[in-house]
$ cat data-v4.cif   # mmCIF, C-alpha atoms and all ligand atoms
data_data
#
loop_
_atom_site.label_atom_id
_atom_site.label_comp_id
_atom_site.auth_asym_id
_atom_site.auth_seq_id
_atom_site.Cartn_x
_atom_site.Cartn_y
_atom_site.Cartn_z
CA MET A 1 -26.96 2.85 -16.07
CA ARG A 2 -23.46 3.93 -15.08
CA GLN A 3 -23.08 7.71 -14.93
CA THR A 4 -20.14 9.57 -16.42
CA ALA A 5 -17.39 11.44 -14.57
CA GLU A 6 -18.92 14.71 -15.85
CA PHE A 7 -22.27 13.78 -14.32
CA TRP A 8 -20.71 13.12 -10.91
CA LEU A 9 -18.61 16.29 -11.06
CA GLU A 10 -21.73 18.35 -11.71
CA ALA A 11 -23.64 16.52 -8.97
CA LEU A 12 -20.79 17.08 -6.55
CA GLN A 13 -20.68 20.81 -7.33
CA GLY A 14 -24.43 20.94 -6.82
CA LEU A 15 -24.23 19.65 -3.25
CA GLY A 16 -23.29 23.15 -2.15
CA ILE A 17 -20.89 22.03 0.58
CA GLU A 18 -18.91 25.05 1.72
CA LYS A 19 -17.04 23.92 4.83
CA PRO A 20 -13.62 22.27 4.41
CA VAL A 21 -13.80 18.47 4.07
CA ARG A 22 -10.89 16.04 3.94
CA ILE A 23 -11.47 12.72 2.15
CA MET A 24 -8.83 10.02 2.55
CA ASN A 25 -8.16 7.24 0.04
CA VAL A 26 -6.22 4.11 0.99
CA CYS A 27 -5.29 2.69 -2.37
CA GLY A 28 -2.28 3.55 -4.53
CA GLY A 29 -4.44 2.86 -7.61
CA HIS A 30 -7.00 5.41 -6.39
CA GLU A 31 -4.28 7.98 -5.82
CA ARG A 32 -2.88 7.37 -9.30
CA SER A 33 -6.30 7.85 -10.93
CA ILE A 34 -7.04 10.96 -8.85
CA SER A 35 -3.68 12.54 -9.69
CA MET A 36 -3.47 11.49 -13.33
CA ALA A 37 -7.03 12.61 -14.07
CA GLY A 38 -6.45 15.92 -12.27
CA LEU A 39 -9.46 15.39 -10.00
CA ARG A 40 -8.02 17.63 -7.27
CA SER A 41 -8.28 20.66 -9.49
CA ALA A 42 -11.69 19.64 -10.86
CA ILE A 43 -13.53 19.47 -7.52
CA PRO A 44 -14.35 22.46 -5.28
CA ASP A 45 -11.35 23.99 -3.46
CA ASN A 46 -12.76 23.23 -0.01
CA ILE A 47 -12.66 19.46 -0.70
CA GLU A 48 -9.22 17.99 0.01
CA LEU A 49 -8.26 14.54 -1.24
CA VAL A 50 -5.68 13.00 1.09
CA PRO A 51 -3.59 9.99 0.01
CA GLY A 52 -3.36 7.50 2.89
CA PRO A 53 -1.75 4.13 3.63
CA GLY A 54 -2.17 2.61 0.17
CA CYS A 55 1.32 1.52 -0.79
CA PRO A 56 2.54 -1.88 0.47
CA VAL A 57 6.09 -1.32 -0.76
CA CYS A 58 6.27 1.97 1.17
CA ILE A 59 5.37 0.37 4.50
CA CYS A 60 7.32 -2.88 4.05
CA PRO A 61 9.59 -2.89 7.12
CA GLU A 62 13.24 -2.16 6.56
CA GLU A 63 14.23 -5.36 8.37
CA ASP A 64 12.27 -7.47 5.86
CA VAL A 65 14.01 -5.82 2.89
CA PHE A 66 17.36 -6.20 4.67
CA GLU A 67 16.61 -9.87 5.36
CA ALA A 68 15.86 -10.45 1.67
CA ILE A 69 19.10 -8.69 0.66
CA GLN A 70 21.19 -10.74 3.08
CA LEU A 71 19.56 -14.02 2.04
CA ALA A 72 20.20 -13.28 -1.61
CA LEU A 73 23.81 -12.30 -0.98
CA ASN A 74 24.78 -15.16 1.32
CA GLU A 75 22.83 -18.24 0.26
CA ASP A 76 22.78 -20.20 -2.98
CA ILE A 77 19.22 -19.19 -3.72
CA ILE A 78 17.27 -17.36 -6.39
CA LEU A 79 15.36 -14.51 -4.80
CA VAL A 80 12.25 -13.36 -6.66
CA ALA A 81 10.26 -10.25 -5.80
CA PHE A 82 7.73 -7.91 -7.36
CA GLY A 83 9.62 -5.36 -9.46
CA ASP A 84 8.92 -2.34 -7.24
CA MET A 85 10.73 -3.93 -4.29
CA LEU A 86 14.08 -4.06 -6.06
CA ARG A 87 14.83 -0.35 -5.68
CA VAL A 88 13.60 0.11 -2.11
CA PRO A 89 16.49 1.49 -0.05
CA VAL A 90 17.55 0.37 3.44
CA ASN A 91 19.89 2.15 5.85
CA ALA A 92 22.92 -0.10 5.33
CA PRO A 93 26.47 1.33 5.41
CA LYS A 94 27.53 2.87 2.08
CA SER A 95 30.00 0.03 1.55
CA GLU A 96 27.17 -2.54 1.47
CA PRO A 97 24.31 -3.07 -0.99
CA ARG A 98 21.42 -0.83 0.07
CA SER A 99 18.72 -2.39 -2.08
CA LEU A 100 17.93 -5.65 -3.83
CA GLU A 101 18.95 -3.97 -7.08
CA GLN A 102 22.39 -3.19 -5.64
CA ALA A 103 22.64 -6.73 -4.24
CA ARG A 104 21.92 -8.03 -7.73
CA ALA A 105 24.68 -5.82 -9.12
CA ALA A 106 26.96 -7.33 -6.46
CA GLY A 107 26.29 -10.82 -7.83
CA ALA A 108 23.16 -12.05 -6.04
CA ASP A 109 20.67 -13.98 -8.20
CA ILE A 110 17.63 -11.73 -7.86
CA ARG A 111 14.83 -11.74 -10.40
CA PRO A 112 11.79 -9.46 -10.71
CA ILE A 113 8.44 -11.19 -11.16
CA ALA A 114 4.91 -9.97 -11.79
CA SER A 115 2.91 -12.83 -10.23
CA PRO A 116 3.19 -15.99 -8.07
CA THR A 117 2.82 -18.02 -11.28
CA GLU A 118 6.22 -16.75 -12.38
CA ALA A 119 7.72 -17.77 -9.03
CA VAL A 120 6.34 -21.31 -9.54
CA ARG A 121 7.74 -21.42 -13.07
CA ILE A 122 11.21 -20.34 -11.90
CA ALA A 123 11.07 -22.98 -9.13
CA CYS A 124 10.14 -25.70 -11.64
CA ASP A 125 12.89 -24.60 -14.05
CA ASN A 126 15.50 -24.66 -11.24
CA ALA A 127 14.57 -27.78 -9.28
CA ASP A 128 18.12 -28.13 -7.88
CA ARG A 129 18.03 -24.69 -6.18
CA LYS A 130 15.93 -23.03 -3.51
CA ILE A 131 13.75 -20.13 -4.68
CA VAL A 132 12.80 -17.50 -2.08
CA PHE A 133 9.75 -15.44 -3.03
CA PHE A 134 9.88 -12.12 -1.14
CA ALA A 135 6.12 -11.55 -1.02
CA ALA A 136 5.25 -8.06 0.20
CA GLY A 137 1.76 -6.74 -0.38
CA PHE A 138 -1.73 -6.04 0.86
CA GLU A 139 -4.66 -8.48 0.80
CA THR A 140 -5.04 -8.49 -2.99
CA THR A 141 -1.42 -9.53 -3.46
CA THR A 142 -1.23 -11.84 -0.47
CA ALA A 143 -4.34 -13.86 -1.43
CA PRO A 144 -2.69 -15.26 -4.62
CA VAL A 145 0.39 -16.18 -2.56
CA ALA A 146 -1.89 -18.11 -0.19
CA ALA A 147 -3.57 -19.78 -3.18
CA MET A 148 -0.16 -20.75 -4.58
CA LEU A 149 0.74 -22.54 -1.34
CA ALA A 150 -2.72 -24.00 -0.71
CA GLU A 151 -2.82 -25.53 -4.18
CA GLY A 152 0.63 -27.10 -3.77
CA ALA A 153 3.80 -25.15 -4.55
CA PRO A 154 7.04 -26.89 -5.62
CA ALA A 155 9.07 -28.14 -2.61
CA ASN A 156 11.98 -25.83 -3.46
CA LEU A 157 9.81 -22.67 -3.38
CA LEU A 158 9.95 -20.78 -0.08
CA VAL A 159 8.13 -17.58 0.86
CA LEU A 160 9.56 -14.63 2.76
CA LEU A 161 6.21 -13.15 3.67
CA SER A 162 5.60 -9.47 4.35
CA GLY A 163 1.84 -9.37 3.85
CA ARG A 164 -0.30 -6.66 5.42
CA LEU A 165 -3.98 -5.88 5.94
CA THR A 166 -5.16 -2.37 5.08
CA TRP A 167 -8.06 -1.81 7.49
CA PRO A 168 -5.96 -1.90 10.72
CA ALA A 169 -3.94 1.14 9.55
CA VAL A 170 -7.16 3.09 8.99
CA SER A 171 -8.44 1.88 12.34
CA MET A 172 -5.22 3.05 14.01
CA LEU A 173 -5.66 6.51 12.44
CA LEU A 174 -9.29 6.70 13.53
CA GLU A 175 -8.39 5.66 17.08
CA SER A 176 -5.77 8.42 17.24
CA GLU A 177 -6.46 11.94 18.48
CA ALA A 178 -6.10 13.44 15.01
CA PRO A 179 -7.22 11.06 12.24
CA GLY A 180 -6.90 13.88 9.72
CA PHE A 181 -9.94 13.06 7.57
CA ASP A 182 -13.73 13.44 7.63
CA ALA A 183 -14.66 10.71 5.13
CA LEU A 184 -13.10 7.62 3.59
CA ILE A 185 -12.88 6.17 0.10
CA ALA A 186 -12.30 2.46 0.71
CA PRO A 187 -10.21 0.33 -1.66
CA GLY A 188 -12.26 -1.55 -4.26
CA HIS A 189 -9.86 -4.38 -4.98
CA VAL A 190 -9.26 -5.17 -1.31
CA SER A 191 -13.04 -5.19 -0.87
CA THR A 192 -13.36 -7.58 -3.82
CA VAL A 193 -11.33 -10.12 -1.86
CA MET A 194 -12.25 -9.38 1.75
CA GLY A 195 -15.79 -8.04 1.23
CA PRO A 196 -16.96 -4.43 1.63
CA GLU A 197 -18.16 -5.33 5.15
CA GLU A 198 -14.54 -5.05 6.30
CA TRP A 199 -14.99 -1.25 6.20
CA GLU A 200 -18.23 -1.08 8.18
CA PHE A 201 -16.26 -0.28 11.35
CA VAL A 202 -15.48 3.16 9.89
CA VAL A 203 -19.16 4.07 10.09
CA ASP A 204 -20.27 1.89 13.01
CA ARG A 205 -17.45 2.73 15.42
CA HIS A 206 -16.36 6.16 14.23
CA ASP A 207 -19.41 7.65 12.52
CA ILE A 208 -17.34 8.54 9.44
CA PRO A 209 -18.98 8.25 5.99
CA ALA A 210 -17.35 5.69 3.72
CA ALA A 211 -17.73 4.51 0.14
CA VAL A 212 -15.98 1.75 -1.80
CA ALA A 213 -14.63 2.89 -5.18
CA GLY A 214 -12.95 1.40 -8.22
CA PHE A 215 -10.08 2.92 -10.17
CA ARG A 216 -11.93 4.89 -12.86
CA PRO A 217 -12.56 8.60 -12.30
CA ASP A 218 -16.34 8.05 -12.54
CA THR A 219 -16.45 5.56 -9.65
CA LEU A 220 -14.06 7.70 -7.60
CA LEU A 221 -16.23 10.77 -8.17
CA ALA A 222 -19.35 8.72 -7.36
CA ALA A 223 -17.71 7.74 -4.04
CA MET A 224 -16.75 11.37 -3.35
CA TYR A 225 -20.32 12.45 -4.08
CA SER A 226 -21.65 9.72 -1.80
CA VAL A 227 -19.54 10.62 1.24
CA LEU A 228 -20.11 14.37 0.76
CA ARG A 229 -23.85 13.85 0.51
CA GLN A 230 -23.73 11.66 3.62
CA LEU A 231 -21.95 14.50 5.45
CA ARG A 232 -24.46 17.05 4.20
CA ASP A 233 -27.44 14.90 5.19
CA LYS A 234 -25.83 13.79 8.48
CA ARG A 235 -26.71 10.20 7.57
CA HIS A 236 -23.59 8.06 7.45
CA PHE A 237 -23.35 4.58 5.93
CA LEU A 238 -21.00 2.40 3.91
CA ASP A 239 -21.79 2.85 0.22
CA ASN A 240 -20.62 0.50 -2.52
CA CYS A 241 -19.84 2.59 -5.62
CA TYR A 242 -18.13 -0.34 -7.36
CA PRO A 243 -20.97 -2.92 -7.32
CA GLU A 244 -20.05 -4.44 -10.67
CA VAL A 245 -16.91 -5.90 -9.04
CA VAL A 246 -17.33 -5.67 -5.26
CA ARG A 247 -19.92 -8.15 -3.97
CA PRO A 248 -21.23 -8.65 -0.44
CA GLY A 249 -19.01 -11.11 1.40
CA GLY A 250 -16.14 -10.73 -1.08
CA ASN A 251 -14.31 -13.71 -2.52
CA THR A 252 -14.96 -16.44 0.04
CA ALA A 253 -12.72 -18.98 -1.72
CA ALA A 254 -9.76 -16.58 -1.50
CA GLN A 255 -10.59 -15.85 2.15
CA ARG A 256 -10.64 -19.60 2.90
CA GLN A 257 -7.22 -20.06 1.31
CA LEU A 258 -5.81 -17.07 3.20
CA ASP A 259 -7.11 -18.57 6.43
CA GLU A 260 -5.80 -22.04 5.64
CA VAL A 261 -2.27 -20.87 4.86
CA MET A 262 -1.80 -17.77 7.04
CA GLN A 263 -2.77 -16.31 10.36
CA VAL A 264 -3.11 -12.67 11.32
CA ASP A 265 -0.64 -11.18 13.77
CA ASP A 266 0.66 -7.79 14.94
CA ALA A 267 3.06 -6.38 12.36
CA ASN A 268 5.55 -3.58 11.89
CA TRP A 269 4.92 -0.89 9.27
CA ARG A 270 8.00 0.97 8.13
CA GLY A 271 8.27 4.31 9.87
CA VAL A 272 4.90 3.81 11.56
CA GLY A 273 5.53 1.04 14.08
CA VAL A 274 3.63 -2.05 15.11
CA ILE A 275 -0.08 -2.07 14.21
CA PRO A 276 -2.18 -4.74 15.95
CA ASP A 277 -3.56 -7.53 13.74
CA SER A 278 -2.19 -5.97 10.58
CA GLY A 279 0.15 -8.67 9.24
CA TYR A 280 0.03 -12.18 7.81
CA VAL A 281 2.38 -14.99 8.93
CA LEU A 282 2.52 -18.50 7.51
CA ARG A 283 0.89 -21.18 9.60
CA GLU A 284 3.07 -23.89 11.14
CA ARG A 285 1.85 -26.51 8.68
CA TYR A 286 3.54 -24.47 5.91
CA ALA A 287 6.89 -24.29 7.76
CA ALA A 288 8.64 -26.19 4.95
CA HIS A 289 7.79 -23.25 2.64
CA ASP A 290 8.59 -20.55 5.20
CA ALA A 291 11.92 -18.86 4.42
CA ARG A 292 12.06 -17.53 7.99
CA LYS A 293 11.86 -21.08 9.36
CA GLN A 294 14.34 -22.47 6.82
CA PHE A 295 16.85 -19.60 7.17
CA PRO A 296 16.23 -18.40 10.74
CA SER A 297 19.54 -16.59 11.25
CA TYR A 298 18.66 -13.81 8.78
CA ALA A 299 15.88 -12.29 10.87
CA ASP A 300 18.05 -9.65 12.53
CA ASP A 301 16.31 -8.36 15.67
CA SER A 302 18.62 -5.34 15.90
CA ARG A 303 17.01 -3.94 12.74
CA LYS A 304 13.50 -4.17 14.15
CA ARG A 305 13.25 -0.56 15.16
CA VAL A 306 10.62 2.03 14.47
CA GLY A 307 11.06 5.20 12.45
CA GLU A 308 13.76 3.94 10.17
CA MET A 309 13.11 5.88 6.99
CA PRO A 310 16.22 7.19 5.25
CA PRO A 311 17.43 10.46 6.87
CA GLY A 312 15.25 13.41 5.85
CA CYS A 313 12.56 11.22 4.26
CA ASP A 314 9.00 11.93 5.43
CA CYS A 315 7.45 8.84 3.84
CA ALA A 316 5.81 7.78 7.12
CA LYS A 317 4.00 11.12 7.36
CA VAL A 318 2.99 10.87 3.69
CA VAL A 319 1.68 7.32 4.18
CA LEU A 320 -0.44 8.40 7.15
CA GLY A 321 -1.82 11.42 5.30
CA LYS A 322 -0.15 13.88 7.70
CA ILE A 323 1.54 15.78 4.86
CA TYR A 324 1.27 15.83 1.10
CA PRO A 325 4.23 14.39 -0.83
CA ASN A 326 5.46 17.80 -1.94
CA GLN A 327 5.59 18.98 1.69
CA CYS A 328 8.64 16.76 2.24
CA ARG A 329 11.74 18.95 2.08
CA LEU A 330 13.45 16.45 -0.25
CA TYR A 331 10.61 16.14 -2.79
CA GLY A 332 12.00 16.88 -6.22
CA VAL A 333 15.09 18.48 -4.68
CA ALA A 334 17.18 15.47 -3.62
CA CYS A 335 14.49 12.83 -4.21
CA THR A 336 13.12 12.03 -7.67
CA PRO A 337 12.05 8.79 -9.40
CA ARG A 338 15.50 8.61 -11.00
CA LYS A 339 17.23 8.97 -7.64
CA PRO A 340 14.68 7.98 -5.01
CA ILE A 341 15.56 8.44 -1.37
CA GLY A 342 12.49 6.88 0.22
CA PRO A 343 10.15 4.03 -0.78
CA CYS A 344 7.27 6.43 -1.59
CA MET A 345 9.29 7.67 -4.59
CA VAL A 346 10.16 4.10 -5.66
CA SER A 347 6.86 2.32 -5.95
CA ASP A 348 4.25 2.91 -8.64
CA GLU A 349 1.79 2.97 -5.72
CA GLY A 350 3.85 5.46 -3.70
CA ALA A 351 2.23 8.89 -3.38
CA CYS A 352 5.51 10.76 -4.01
CA ARG A 353 6.16 8.94 -7.26
CA ILE A 354 2.55 9.31 -8.37
CA TRP A 355 2.57 13.05 -7.67
CA TRP A 356 5.86 13.51 -9.51
CA ALA A 357 4.62 11.45 -12.48
CA SER A 358 1.44 13.53 -12.52
CA GLY A 359 3.40 16.73 -12.90
CA TYR A 360 3.38 18.20 -9.37
CA ARG A 361 6.68 20.06 -9.33
CA GLU A 362 6.19 22.60 -6.51
CA ASN A 363 8.01 21.86 -3.27
CA GLU A 364 5.87 23.30 -0.49
CA TRP A 365 7.92 22.25 2.51
CA GLU A 366 6.91 24.36 5.52
CA GLY A 367 5.10 26.81 3.29
CA ARG A 368 8.15 27.53 1.19
CA ARG A 369 7.18 27.40 -2.47
CA GLN A 370 10.06 26.29 -4.59
CA SER A 371 9.75 25.30 -8.21
CA VAL A 372 11.68 22.11 -8.83
CA GLY A 373 10.50 21.38 -12.35
S1 LIG B 401 9.90 12.88 -1.49
FE1 LIG B 401 11.34 11.20 -1.21
S2 LIG B 401 12.34 11.62 0.70
FE2 LIG B 401 10.43 12.81 0.67
S3 LIG B 401 8.84 11.53 1.61
FE3 LIG B 401 8.79 11.14 -0.57
S4 LIG B 401 10.13 9.38 -0.85
FE4 LIG B 401 10.61 10.23 1.15
#
$ encode --input "data-v4.cif" --output "structure tokens" --more "lines below"
Ligand code: SF4
Amino acid sequence: MRQTAEFWLEALQGLGIEKPVRIMNVCGGHERSISMAGLRSAIPDNIELVPGPGCPVCICPEEDVFEAIQLALNEDIILVAFGDMLRVPVNAPKSEPRSLEQARAAGADIRPIASPTEAVRIACDNADRKIVFFAAGFETTTAPVAAMLAEGAPANLLVLLSGRLTWPAVSMLLESEAPGFDALIAPGHVSTVMGPEEWEFVVDRHDIPAAVAGFRPDTLLAAMYSVLRQLRDKRHFLDNCYPEVVRPGGNTAAQRQLDEVMQVDDANWRGVGVIPDSGYVLRERYAAHDARKQFPSYADDSRKRVGEMPPGCDCAKVVLGKIYPNQCRLYGVACTPRKPIGPCMVSDEGACRIWWASGYRENEWEGRRQSVG
């Protein structure tokens, strides 16, 4: 029988853990549930919940967004992208469009979509034009893009791929001198596709407790209880607290399609840099659907630099769990969902936007407490 959130809260309190513990989550959906349900204030003060690299829009490299903007502005194409991407800013001169939304206002044919099925429909409805699908996302979003191509996409549908894998970012943190967390809540939906085994390295190589969780507060609290109990008992393992959805081995059909259509390569993460084996690229046999192969001149090497968040934006530190969103000096002062400066305030999966939407209004930059609400 599934236990309630109240049950897990009580169990967690009963563990009697007194030393400070930092638990990282790597899923924007987890962060939203934690913040919206007020779990931070419900659990003991010594347990910190740290949002980590769980927002694909936030880490989508600036050069990929710029490439999409330039393609849409200069070619007779229809560019389609998931809605969140449209407002992501790049560091273009003020006289030029700085986001897909601004490029659309300047006359580019850019359309928000919610799924690859919509991209296929737009391609079928516009057979005389090329459709470029700017596909940025983690494994759960990239797998349906692979399925779309594997099952036969219309000839006029191209993909500008910016797919990323989540585990290499966690691995990079754990290999660093200061990972910044003592336990991990692993993403349930990624595990549904790739299998929970993908997170075994956290325990096997780094001796850090880990638990897979879903989006509801009860499964998140169950995962918190699991990793805290593992710490208390000094017996670390990978727990699956979302067994009704996450099965051993994951979705093998989706994995086969990912492997047929894409290969894994080193990839740039915005503000973070290149992370080994963290990106998807289309295989050569899908070159006819690869926007980078069909429009090669738009991949501008000069934009492939590291650390290119908008000036003053600490999104990279937020994404890596080095600071909380409200420890950015611009949080709520110059940067709000209405006027976002960095991608973490744009995306529904961005920690800054989630915190703002959840009612966090205190700016705590460098210890300064400033009410911005
Ligand atoms: S508050 Fe805005 S400027 Fe600061 S890290 Fe978040 S998105 Fe970037």
$ residues_near_ligand --input "data-v4.cif" --ligand "ligand LIG 401 (chain B)" --cutoff "10 Å" --atoms "all atoms listed in the file" --output "ChimeraX atom specification"
/A:58,88,309-319,323-337,339-347,350-353,355-356,363,365
$ atom_distance --input "data-v4.cif" --atom1 "CA of Arg205 in chain A" --atom2 "CA of Pro20 in chain A"
22.8 Å
$ residues_around --input "data-v4.cif" --residues "range 143-147 of chain A" --least-positions-apart "5" --cutoff "7 Å" --atoms "only C-alpha atoms" --output "tab-separated table (two decimals) with C-alpha atoms, in the frame of the given file"
chain	number	residue	atom	x	y	z
A	116	PRO	CA	3.19	-15.99	-8.07
A	254	ALA	CA	-9.76	-16.58	-1.50
A	257	GLN	CA	-7.22	-20.06	1.31
A	258	LEU	CA	-5.81	-17.07	3.20
A	261	VAL	CA	-2.27	-20.87	4.86
$ residues_around --input "data-v4.cif" --residues "Leu282 in chain A" --least-positions-apart "6" --cutoff "10 Å" --atoms "only C-alpha atoms" --output "number ranges by chain"
A: 146, 149, 159-161, 163, 258-264, 289-293
$ write_last_selection --input "data-v4.cif" --atoms "C-alpha atoms" --output "compact mmCIF listing (two decimals), in the frame of the given file"
# COMPACT_ATOMS: atom_id res chain seq x y z
CA ALA A 146 -1.89 -18.11 -0.19
CA LEU A 149 0.74 -22.54 -1.34
CA VAL A 159 8.13 -17.58 0.86
CA LEU A 160 9.56 -14.63 2.76
CA LEU A 161 6.21 -13.15 3.67
CA GLY A 163 1.84 -9.37 3.85
CA LEU A 258 -5.81 -17.07 3.20
CA ASP A 259 -7.11 -18.57 6.43
CA GLU A 260 -5.80 -22.04 5.64
CA VAL A 261 -2.27 -20.87 4.86
CA MET A 262 -1.80 -17.77 7.04
CA GLN A 263 -2.77 -16.31 10.36
CA VAL A 264 -3.11 -12.67 11.32
CA HIS A 289 7.79 -23.25 2.64
CA ASP A 290 8.59 -20.55 5.20
CA ALA A 291 11.92 -18.86 4.42
CA ARG A 292 12.06 -17.53 7.99
CA LYS A 293 11.86 -21.08 9.36
$ closest_residue --input "data-v4.cif" --among "A:Lys322, A:Arg361, A:Arg111, A:Lys19" --to "Val50 in chain A" --atoms "all atoms listed in the file"
A:Lys322
$ closest_residue --input "data-v4.cif" --among "A:Gly16, A:Gly38, A:Gly152, A:Pro89" --to "Leu221 in chain A" --atoms "only C-alpha atoms"
A:Gly38
$ atom_distance --input "data-v4.cif" --atom1 "CA of Val202 in chain A" --atom2 "CA of Ala186 in chain A"
9.7 Å
$ residues_around --input "data-v4.cif" --residues "Val90 in chain A" --least-positions-apart "3" --cutoff "10 Å" --atoms "only C-alpha atoms" --output "PyMOL selection string"
chain A and resi 61-66+69+87+93+97-100+308-310+341-343
$ closest_residue --input "data-v4.cif" --among "A:Leu79, A:Val120, A:Lys234, A:Asp348" --to "Glu101 in chain A" --atoms "all atoms listed in the file"
A:Leu79
$ closest_residue --input "data-v4.cif" --among "A:Glu197, A:Glu6, A:Asp300, A:Glu31" --to "Gln70 in chain A" --atoms "only C-alpha atoms"
A:Asp300
$ closest_residue --input "data-v4.cif" --among "A:Pro209, A:Gly359, A:Gly249, A:Gly271" --to "Gly195 in chain A" --atoms "all atoms listed in the file"
A:Gly249
$ closest_residue --input "data-v4.cif" --among "A:Thr141, A:Thr166, A:Ser95, A:Ser358" --to "Ala114 in chain A" --atoms "only C-alpha atoms"
A:Thr141
$ atom_distance --input "data-v4.cif" --atom1 "CA of Ala178 in chain A" --atom2 "CA of Glu139 in chain A"
26.2 Å
$ residues_near_point --input "data-v4.cif" --point "(-17.3, 7.0, -5.7)" --cutoff "10 Å" --atoms "all atoms listed in the file" --output "mmCIF file with C-alpha atoms, in the coordinates of the input"
data_model
loop_
_atom_site.group_PDB
_atom_site.id
_atom_site.type_symbol
_atom_site.label_atom_id
_atom_site.label_comp_id
_atom_site.auth_asym_id
_atom_site.auth_seq_id
_atom_site.Cartn_x
_atom_site.Cartn_y
_atom_site.Cartn_z
ATOM 1 C CA ALA A 5 -17.390 11.440 -14.570
ATOM 2 C CA TRP A 8 -20.710 13.120 -10.910
ATOM 3 C CA ILE A 185 -12.880 6.170 0.100
ATOM 4 C CA ALA A 186 -12.300 2.460 0.710
ATOM 5 C CA ALA A 210 -17.350 5.690 3.720
ATOM 6 C CA ALA A 211 -17.730 4.510 0.140
ATOM 7 C CA VAL A 212 -15.980 1.750 -1.800
ATOM 8 C CA ALA A 213 -14.630 2.890 -5.180
ATOM 9 C CA GLY A 214 -12.950 1.400 -8.220
ATOM 10 C CA PHE A 215 -10.080 2.920 -10.170
ATOM 11 C CA ARG A 216 -11.930 4.890 -12.860
ATOM 12 C CA PRO A 217 -12.560 8.600 -12.300
ATOM 13 C CA ASP A 218 -16.340 8.050 -12.540
ATOM 14 C CA THR A 219 -16.450 5.560 -9.650
ATOM 15 C CA LEU A 220 -14.060 7.700 -7.600
ATOM 16 C CA LEU A 221 -16.230 10.770 -8.170
ATOM 17 C CA ALA A 222 -19.350 8.720 -7.360
ATOM 18 C CA ALA A 223 -17.710 7.740 -4.040
ATOM 19 C CA MET A 224 -16.750 11.370 -3.350
ATOM 20 C CA TYR A 225 -20.320 12.450 -4.080
ATOM 21 C CA SER A 226 -21.650 9.720 -1.800
ATOM 22 C CA VAL A 227 -19.540 10.620 1.240
ATOM 23 C CA ASP A 239 -21.790 2.850 0.220
ATOM 24 C CA ASN A 240 -20.620 0.500 -2.520
ATOM 25 C CA CYS A 241 -19.840 2.590 -5.620
ATOM 26 C CA TYR A 242 -18.130 -0.340 -7.360
#
$ residues_around --input "data-v4.cif" --residues "Cys124 in chain A" --least-positions-apart "3" --cutoff "12 Å" --atoms "only C-alpha atoms" --output "list of chain:residue names"
A:Thr117, A:Glu118, A:Ala119, A:Val120, A:Arg121, A:Ala127, A:Asp128, A:Arg129, A:Lys130, A:Ile131, A:Ala153, A:Pro154, A:Ala155, A:Asn156, A:Leu157
$ axis_aligned_box --input "data-v4.cif" --around "range 142-147 of chain A" --padding-each-side "3 Å" --output "AutoDock Vina command-line options"
--center_x -2.0 --center_y -15.8 --center_z -2.4 --size_x 10.7 --size_y 13.9 --size_z 10.4
$ residues_around --input "data-v4.cif" --residues "Phe82 in chain A" --least-positions-apart "3" --cutoff "9 Å" --atoms "all atoms listed in the file" --output "PyMOL selection string"
chain A and resi 85-86+111-115+133-136
